[in-house]
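> Sharing a structure, written as structure tokens. Questions coming.
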Number of protein chains: 2
Amino acid sequence: MGYPCSLSLAIHLRLRNYALGVMIVVRNLLNGEALTMSITEPRVKEENLDPEDWQGMRELGHRMIDDMLTYFETLRERPVWQPTPEDVKTRLREAIPAEPQGVEQAYEDFVRDVLPFSMGNVHPRFWGWVMGPGTPFGMLADMLASGVNPNMGGGDHVGNRVEEQVLSWCKEMLGYPAEASGLLVSGGSMANLTGLTVARNTKAGFNVRQHGLQAAPRLLTSYASTETHSSVQRAIEVLGLGSDSLRMIPVNADYQIDIAALEAAIAADRAAGHQPFCIIGTAGTTNTGAFDDLTRLADISQREGMWYHVDGAFGALAALAPTLRPLVAGMERADSLAFDLHKWIYVPFEAGCTLVRSRAEHRQAFTLTPDYLKHGEGGLAGGDLWFSDYGIQLSRGFRALKVWMSIKEHGIEKYGRLIKQNVDQAQYLAALVQSNPELELLAPVPLNIVCFRFKVDHLDEPKLNALNEKLLIRLQESGIAVPSSTTLNGKYAIRVCITNHRSRREDFDLLVQTVIDLGKELATA
Amino acid sequence: MGYPCSLSLAIHLRLRNYALGVMIVVRNLLNGEALTMSITEPRVKEENLDPEDWQGMRELGHRMIDDMLTYFETLRERPVWQPTPEDVKTRLREAIPAEPQGVEQAYEDFVRDVLPFSMGNVHPRFWGWVMGPGTPFGMLADMLASGVNPNMGGGDHVGNRVEEQVLSWCKEMLGYPAEASGLLVSGGSMANLTGLTVARNTKAGFNVRQHGLQAAPRLLTSYASTETHSSVQRAIEVLGLGSDSLRMIPVNADYQIDIAALEAAIAADRAAGHQPFCIIGTAGTTNTGAFDDLTRLADISQREGMWYHVDGAFGALAALAPTLRPLVAGMERADSLAFDLHKWIYVPFEAGCTLVRSRAEHRQAFTLTPDYLKHGEGGLAGGDLWFSDYGIQLSRGFRALKVWMSIKEHGIEKYGRLIKQNVDQAQYLAALVQSNPELELLAPVPLNIVCFRFKVDHLDEPKLNALNEKLLIRLQESGIAVPSSTTLNGKYAIRVCITNHRSRREDFDLLVQTVIDLGKELATA
């Protein structure tokens, strides 16, 4: 049957519109079955989502590039943030469009309704929460990733090798063992959840994946400071361990975990018949940028046979700056380590990372291979890079590419300089605050976070809190700068977190000036 | 002190390079402290990650647009997939670069090493696993999202309103109640985990977030068919419930959950003193595209007071095609519903979605508001759209934008037509398989998945399995088409899953032809 098959294929290539009919005819002549489709049947009209006008799409793409690069280039001329107008809000409540409006109009909608009223964290004076500002080249890399659009869950394709290289680079950056395992995830919350899942499954002492926590003979307890990020508590809750089992250990005056209190808590739990299984250290707390004593925590975890997880969301990257590296000493001993590349590597959202010392324990916590995900011995399903064996996601986007291309663009040493620059800027701002009698520094500044407030001598604490809360809202609404807030020992703090490569010292001068102006206005109002 | 402060600002604006020195001098003259910085100190040199050559970056961006659009336009001329060459693999093991190599070189690396060896799921003849192929406009929207780079965790900015609108559209698409809650997530795995977290926390009958599962008085059991996607088991394991507690109910000949067996299992668990809390129905199984009887499952869940979760990863979207809509009847009664927009809305990775009927229960399962995330009464921290209260992620990317812009581009009716087109193509392929005596259809084709194999009469089952496994690898390596595989009743199946808007009927002709050619070659080898 070799020849007629070749024939049908040849006809297929020459007579595309009628190929189907011809092929079926040839087949049926050979096997004698009834004719099901005839040569006269025209090809079914099929549509797709690609542009009809490729050249028009090219031109629109160029316009987008120009608009976005101009947007980046002129950031300083615009407010950091402005509220969304009512007419935009109204349009954003419209029902789903049934009919096409085309690419030009869809882009116009973006330019009119989205671009001006966005969060503003790309702006040089955005210092709220812990936000990276992204980069133009990171944006372009994300476009390429989205265009190529591989599924990074597994298989033998180059995307997985790019991610593997990025993970190797992460280990290099942080001084983590080269043989460790890792996974890029959506961000710090998933990075903590991933690490703590491995912790729970490895240290429970029974098959918790199969039998569940109801089979646990003893309460599994974990330990972290009161300054630990809320995503750790959320992970503990999702994992079914219960927030009560997460012992929140007090901190010292520098907002570091109190080591004596930690050891006492572990001992008390052991005495009560519980099973302490995990210590969570923080490299760079969210409130003040404090570092726990990561070496002491490593020692205690080792001595107690417990898992050691470090949440280094942004602080872990301090390892890149030679003068800051002592802060993270001991982090390299963690069993699992969570951090973000969309924070202090400044790539666009989303890019977090979990590193796990033991590849076997990491894999054991997640691997699940149903028939339809069978790993092959060749072809696309081959290879041993199945990231879906190492985390919760099965389908996974190509977030590795922006990290890969950005680090190639700048080289890793520049990132170390920029991190140091941000820390120096925090020291600069802290000095400005301390040299101004109207301002009060509310916490030490070990890294890149400055917590302060406007002070009026005759106001009591509740009134000062209310004034500073109002001041922060007014500051954000002015469009001049966006810090966020926190509360430290009952005091409402204006919190400036500098993970922004675009900030300059003059931006902090302007911040201080504006805070003082607004504070005086509010104090006399 | 109003006047000197204004003065320092004025000087700042006029003499940028020396503003800092001047300002400190003025301040110190006023408050009498020692001079810490002098007017002669030059401005600290600060660097950033923005391009030095903006025009060059524009030109590179245009080139990327042109290259990627040409890549899309000429997909058919290239192999679907090809293995990664050794020299590329070697380069992808290189250590982290210390020095910058610049944007041109970084892009050249992408063009040389990444683009040709990617997964290939953008190609018209990629039908492996369940993969969306993306679109050029979706790629451009992802670029815009990455450029604007908002954090969609919360706050009063327009991005959150765009996501809220996309969620409203999702509810419209699926006939789900308008007052329901929702969240965009990375994909189906996270969508299932999110829904099942709400299920567990709502139905446990005690405060599982605080006390953990060890406090559960009875075993919490859940129910799903043996054809349920593995991400459900993974979610159950992550949640600490244990895979044993997930009762895998057998399926009927159409691969639907056996209702009688389900009811018997629930009754048996109740009799044993367990606590059945959740039924998981599937709209479109991964193996064969089967739909459970979603109305019956809704009835049983309601009668038993259990949570009803539907995994509709791709199948839920059948709701968009009028003639397919009966398949999902009952889905709108789910307490939580998981599906993907990067599958049958064809947007690039990543975009999944969880909808939850009760906003209060959804929020209650996740909300956690530490001081540094305090929601404000104005400014950027204001507003009530804090998506971080509804899921695991805190920092969240702007995945809503590509969905928003794509639906505007095409209108939702076209998506219904394309989904129907894919289902028709599956019927077409099934008919081709059935009309060819060398091929055997291995399962019913209720939707978009065709499982078949090459058949040789004198071979036993193990040999047929081995032959088809080899055949699939050869097919992938030929670059002509990429199906994946599964095993059905012990038979190795070539599995063609059509969630590809670029496929045409002629592509399935070519697939069948190639499978037959390869099969004959292997059978006679």
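Note on naming: chains are A, B, ... as they come in the structure tokens, residues start from 1 per chain, ligands start from 1 in the order shown.
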Calculate the C-alpha RMSD, in Å to one decimal, after superposing chain A onto chain B by least squares over all C-alpha atoms paired in sequence order.

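The C-alpha RMSD comes to 0.3 Å.
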
> Determine, counting only C-alpha atoms, which protein, DNA and RNA residues have an atom within 12 Å of an atom of Thr194 of chain B; residues of the same chain fewer than 4 positions away are not included. Present the result as a VMD selection string.

(chain A and resid 238 392) or (chain B and resid 182 to 190 198 to 201 231 to 232 234 to 236 238 to 239 309 311 336 to 339 352 to 356 361 to 363 365 to 366 389 to 393)

> Quick one: write out the picked residues with C-alpha atoms as a PDB file, in the first residue's frame?


```
ATOM      1  CA  VAL A 238      -3.266  25.903  53.561  1.00  0.00           C
ATOM      2  CA  ILE A 392       1.938  22.593  42.622  1.00  0.00           C
TER       3      ILE A 392
ATOM      4  CA  GLY B 182     -13.444  34.809  41.723  1.00  0.00           C
ATOM      5  CA  LEU B 183      -9.722  34.984  41.203  1.00  0.00           C
ATOM      6  CA  LEU B 184      -7.370  34.604  38.282  1.00  0.00           C
ATOM      7  CA  VAL B 185      -4.618  32.123  39.086  1.00  0.00           C
ATOM      8  CA  SER B 186      -1.670  30.529  37.330  1.00  0.00           C
ATOM      9  CA  GLY B 187      -3.649  27.629  35.913  1.00  0.00           C
ATOM     10  CA  GLY B 188      -5.893  24.672  36.564  1.00  0.00           C
ATOM     11  CA  SER B 189      -3.780  23.194  39.372  1.00  0.00           C
ATOM     12  CA  MET B 190      -3.924  26.385  41.407  1.00  0.00           C
ATOM     13  CA  VAL B 198     -12.410  26.967  50.377  1.00  0.00           C
ATOM     14  CA  ALA B 199     -14.224  23.625  50.372  1.00  0.00           C
ATOM     15  CA  ARG B 200     -12.116  22.250  53.219  1.00  0.00           C
ATOM     16  CA  ASN B 201     -12.200  25.389  55.320  1.00  0.00           C
ATOM     17  CA  SER B 231      -4.031  18.167  40.159  1.00  0.00           C
ATOM     18  CA  VAL B 232      -7.054  17.324  42.315  1.00  0.00           C
ATOM     19  CA  ARG B 234      -2.156  16.990  44.421  1.00  0.00           C
ATOM     20  CA  ALA B 235      -4.428  19.631  45.965  1.00  0.00           C
ATOM     21  CA  ILE B 236      -5.854  17.131  48.426  1.00  0.00           C
ATOM     22  CA  VAL B 238      -1.071  19.726  49.771  1.00  0.00           C
ATOM     23  CA  LEU B 239      -4.128  20.527  51.897  1.00  0.00           C
ATOM     24  CA  HIS B 309     -16.362  21.548  43.085  1.00  0.00           C
ATOM     25  CA  ASP B 311     -12.856  20.922  37.479  1.00  0.00           C
ATOM     26  CA  SER B 336     -16.506  26.339  43.194  1.00  0.00           C
ATOM     27  CA  LEU B 337     -15.456  26.045  39.607  1.00  0.00           C
ATOM     28  CA  ALA B 338     -11.949  25.817  38.165  1.00  0.00           C
ATOM     29  CA  PHE B 339     -11.033  26.414  34.533  1.00  0.00           C
ATOM     30  CA  GLY B 352      -6.480  30.045  35.131  1.00  0.00           C
ATOM     31  CA  CYS B 353      -9.554  30.991  37.110  1.00  0.00           C
ATOM     32  CA  THR B 354     -11.439  29.916  40.214  1.00  0.00           C
ATOM     33  CA  LEU B 355     -15.010  31.023  40.734  1.00  0.00           C
ATOM     34  CA  VAL B 356     -16.635  30.586  44.150  1.00  0.00           C
ATOM     35  CA  GLU B 361     -16.735  31.736  52.188  1.00  0.00           C
ATOM     36  CA  HIS B 362     -14.099  32.458  49.579  1.00  0.00           C
ATOM     37  CA  ARG B 363     -12.709  35.389  51.529  1.00  0.00           C
ATOM     38  CA  ALA B 365     -10.711  30.826  53.579  1.00  0.00           C
ATOM     39  CA  PHE B 366      -7.791  33.130  52.853  1.00  0.00           C
ATOM     40  CA  ASP B 389      -7.709  38.116  50.397  1.00  0.00           C
ATOM     41  CA  TYR B 390      -8.982  35.440  48.023  1.00  0.00           C
ATOM     42  CA  GLY B 391      -6.066  33.150  47.286  1.00  0.00           C
ATOM     43  CA  ILE B 392      -2.556  32.081  48.095  1.00  0.00           C
ATOM     44  CA  GLN B 393      -0.629  34.704  46.123  1.00  0.00           C
TER      45      GLN B 393
END
```

> Got a sec: who's within 9 Å of Pro79 of chain A, counting only C-alpha atoms, leaving out chain neighbours fewer than 2 positions off, as number ranges by chain?

A: 75-77, 81-82, 120, 123, 478-481

> Would you please give, as a ChimeraX atom specification, all residues of segment 121-225 of chain A that DSSP assigns to strand (DSSP E or B) based on the backbone?

/A:126-127,181-185,220-225

> Please produce a file of those selected residues containing N, CA and C atoms, as a compact mmCIF listing (two decimals), in the first residue's frame.


```txt
# COMPACT_ATOMS: atom_id res chain seq x y z
N PHE A 126 8.10 55.34 43.80
CA PHE A 126 7.20 54.33 44.37
C PHE A 126 8.01 53.46 45.33
N TRP A 127 7.61 53.49 46.61
CA TRP A 127 8.31 52.70 47.62
C TRP A 127 7.33 51.97 48.54
N SER A 181 18.04 21.47 44.40
CA SER A 181 16.91 21.48 43.49
C SER A 181 16.25 22.85 43.54
N GLY A 182 15.40 23.14 42.57
CA GLY A 182 14.73 24.43 42.61
C GLY A 182 13.57 24.51 41.65
N LEU A 183 12.84 25.60 41.76
CA LEU A 183 11.65 25.81 40.94
C LEU A 183 11.33 27.30 40.92
N LEU A 184 11.06 27.83 39.75
CA LEU A 184 10.53 29.19 39.68
C LEU A 184 9.02 29.14 39.93
N VAL A 185 8.55 30.04 40.74
CA VAL A 185 7.12 30.07 41.09
C VAL A 185 6.60 31.50 40.93
N LEU A 220 2.35 18.75 64.90
CA LEU A 220 3.54 19.24 64.21
C LEU A 220 3.63 20.74 64.41
N THR A 221 4.67 21.18 65.08
CA THR A 221 4.79 22.61 65.39
C THR A 221 5.95 23.24 64.62
N SER A 222 5.74 24.50 64.24
CA SER A 222 6.78 25.25 63.54
C SER A 222 6.99 26.59 64.25
N TYR A 223 8.09 27.25 63.91
CA TYR A 223 8.55 28.40 64.70
C TYR A 223 9.04 29.51 63.79
N ALA A 224 8.54 30.71 64.05
CA ALA A 224 8.95 31.87 63.27
C ALA A 224 8.74 33.10 64.14
N SER A 225 9.41 34.18 63.81
CA SER A 225 9.26 35.37 64.65
C SER A 225 7.95 36.08 64.35
```

> Would you list the contacts of Gln256 of chain B as a list in words, taking every protein, DNA or RNA residue within 8 Å and counting only C-alpha atoms, but skipping same-chain residues closer than 3 positions in sequence?

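Contacts, in chain order: Ser225, Glu227, Val251, Asn252, Ala253, Ala290, Phe291, Asp292 and Asp293 of chain B.
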
> May I have the residues from that selection written out with all heavy atoms, as a PDB file, in the first residue's frame?


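Wrote it out as selection-v1.pdb, contents follow:
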```
ATOM      1  N   SER B 225     -13.950  10.919  40.248  1.00  0.00           N
ATOM      2  CA  SER B 225     -13.816   9.704  39.438  1.00  0.00           C
ATOM      3  C   SER B 225     -12.347   9.369  39.217  1.00  0.00           C
ATOM      4  O   SER B 225     -11.457  10.210  39.390  1.00  0.00           O
ATOM      5  CB  SER B 225     -14.517   9.878  38.085  1.00  0.00           C
ATOM      6  OG  SER B 225     -13.618  10.415  37.133  1.00  0.00           O
ATOM      7  N   GLU B 227     -10.995   9.147  36.554  1.00  0.00           N
ATOM      8  CA  GLU B 227     -10.518   9.925  35.410  1.00  0.00           C
ATOM      9  C   GLU B 227     -10.213  11.377  35.788  1.00  0.00           C
ATOM     10  O   GLU B 227      -9.829  12.169  34.922  1.00  0.00           O
ATOM     11  CB  GLU B 227     -11.563   9.896  34.291  1.00  0.00           C
ATOM     12  CG  GLU B 227     -11.723   8.539  33.637  1.00  0.00           C
ATOM     13  CD  GLU B 227     -10.477   8.134  32.841  1.00  0.00           C
ATOM     14  OE1 GLU B 227     -10.060   8.878  31.941  1.00  0.00           O
ATOM     15  OE2 GLU B 227      -9.907   7.058  33.152  1.00  0.00           O
ATOM     16  N   VAL B 251     -15.525   4.647  36.691  1.00  0.00           N
ATOM     17  CA  VAL B 251     -16.288   5.313  35.621  1.00  0.00           C
ATOM     18  C   VAL B 251     -17.051   4.280  34.797  1.00  0.00           C
ATOM     19  O   VAL B 251     -16.739   3.089  34.827  1.00  0.00           O
ATOM     20  CB  VAL B 251     -15.356   6.118  34.684  1.00  0.00           C
ATOM     21  CG1 VAL B 251     -14.785   7.318  35.422  1.00  0.00           C
ATOM     22  CG2 VAL B 251     -14.254   5.235  34.110  1.00  0.00           C
ATOM     23  N   ASN B 252     -18.036   4.764  34.066  1.00  0.00           N
ATOM     24  CA  ASN B 252     -18.764   3.894  33.141  1.00  0.00           C
ATOM     25  C   ASN B 252     -18.035   3.826  31.793  1.00  0.00           C
ATOM     26  O   ASN B 252     -16.926   4.373  31.671  1.00  0.00           O
ATOM     27  CB  ASN B 252     -20.220   4.370  32.991  1.00  0.00           C
ATOM     28  CG  ASN B 252     -20.313   5.771  32.399  1.00  0.00           C
ATOM     29  OD1 ASN B 252     -19.396   6.220  31.699  1.00  0.00           O
ATOM     30  ND2 ASN B 252     -21.402   6.460  32.684  1.00  0.00           N
ATOM     31  N   ALA B 253     -18.667   3.203  30.807  1.00  0.00           N
ATOM     32  CA  ALA B 253     -17.996   3.001  29.513  1.00  0.00           C
ATOM     33  C   ALA B 253     -17.710   4.319  28.807  1.00  0.00           C
ATOM     34  O   ALA B 253     -16.833   4.396  27.947  1.00  0.00           O
ATOM     35  CB  ALA B 253     -18.850   2.102  28.620  1.00  0.00           C
ATOM     36  N   ALA B 290     -14.382  13.420  28.590  1.00  0.00           N
ATOM     37  CA  ALA B 290     -15.709  13.046  29.087  1.00  0.00           C
ATOM     38  C   ALA B 290     -16.231  14.064  30.096  1.00  0.00           C
ATOM     39  O   ALA B 290     -15.459  14.713  30.803  1.00  0.00           O
ATOM     40  CB  ALA B 290     -15.636  11.663  29.743  1.00  0.00           C
ATOM     41  N   PHE B 291     -17.552  14.171  30.151  1.00  0.00           N
ATOM     42  CA  PHE B 291     -18.215  15.030  31.140  1.00  0.00           C
ATOM     43  C   PHE B 291     -18.960  14.165  32.135  1.00  0.00           C
ATOM     44  O   PHE B 291     -19.793  13.350  31.731  1.00  0.00           O
ATOM     45  CB  PHE B 291     -19.230  15.964  30.458  1.00  0.00           C
ATOM     46  CG  PHE B 291     -18.584  17.087  29.712  1.00  0.00           C
ATOM     47  CD1 PHE B 291     -17.972  16.860  28.489  1.00  0.00           C
ATOM     48  CD2 PHE B 291     -18.578  18.371  30.235  1.00  0.00           C
ATOM     49  CE1 PHE B 291     -17.363  17.901  27.795  1.00  0.00           C
ATOM     50  CE2 PHE B 291     -17.968  19.410  29.550  1.00  0.00           C
ATOM     51  CZ  PHE B 291     -17.354  19.176  28.328  1.00  0.00           C
ATOM     52  N   ASP B 292     -18.699  14.368  33.430  1.00  0.00           N
ATOM     53  CA  ASP B 292     -19.548  13.732  34.426  1.00  0.00           C
ATOM     54  C   ASP B 292     -20.962  14.306  34.299  1.00  0.00           C
ATOM     55  O   ASP B 292     -21.156  15.383  33.718  1.00  0.00           O
ATOM     56  CB  ASP B 292     -18.996  14.002  35.833  1.00  0.00           C
ATOM     57  CG  ASP B 292     -17.697  13.242  36.095  1.00  0.00           C
ATOM     58  OD1 ASP B 292     -17.483  12.196  35.444  1.00  0.00           O
ATOM     59  OD2 ASP B 292     -16.909  13.698  36.942  1.00  0.00           O
ATOM     60  N   ASP B 293     -21.926  13.605  34.871  1.00  0.00           N
ATOM     61  CA  ASP B 293     -23.299  14.115  34.889  1.00  0.00           C
ATOM     62  C   ASP B 293     -23.351  15.205  35.966  1.00  0.00           C
ATOM     63  O   ASP B 293     -23.570  14.932  37.147  1.00  0.00           O
ATOM     64  CB  ASP B 293     -24.270  12.974  35.195  1.00  0.00           C
ATOM     65  CG  ASP B 293     -25.721  13.426  35.143  1.00  0.00           C
ATOM     66  OD1 ASP B 293     -25.988  14.643  35.312  1.00  0.00           O
ATOM     67  OD2 ASP B 293     -26.592  12.570  34.942  1.00  0.00           O
TER      68      ASP B 293
END
```

> Please provide as a PyMOL selection string all residues within 10 Å of segment 463-468 of chain B, with the sequence filter that same-chain residues fewer than 3 positions apart are discarded (counting only C-alpha atoms).

chain B and resi 452-460+471-474+485+487+490-494+515+518-519+522-523

> Pick out the closest residue to Gly205 of chain A from this set: A:Ala360, A:Leu429, A:Met306, A:Ala283. Count only C-alpha atoms.

A:Met306

> Could you work out how far atom CA of Ala431 of chain A lies from atom CA of Tyr255 of chain A, giving the answer in Å with one decimal?

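Taking atom CA of Tyr255 of chain A and atom CA of Ala431 of chain A, their separation equals 20.0 Å.
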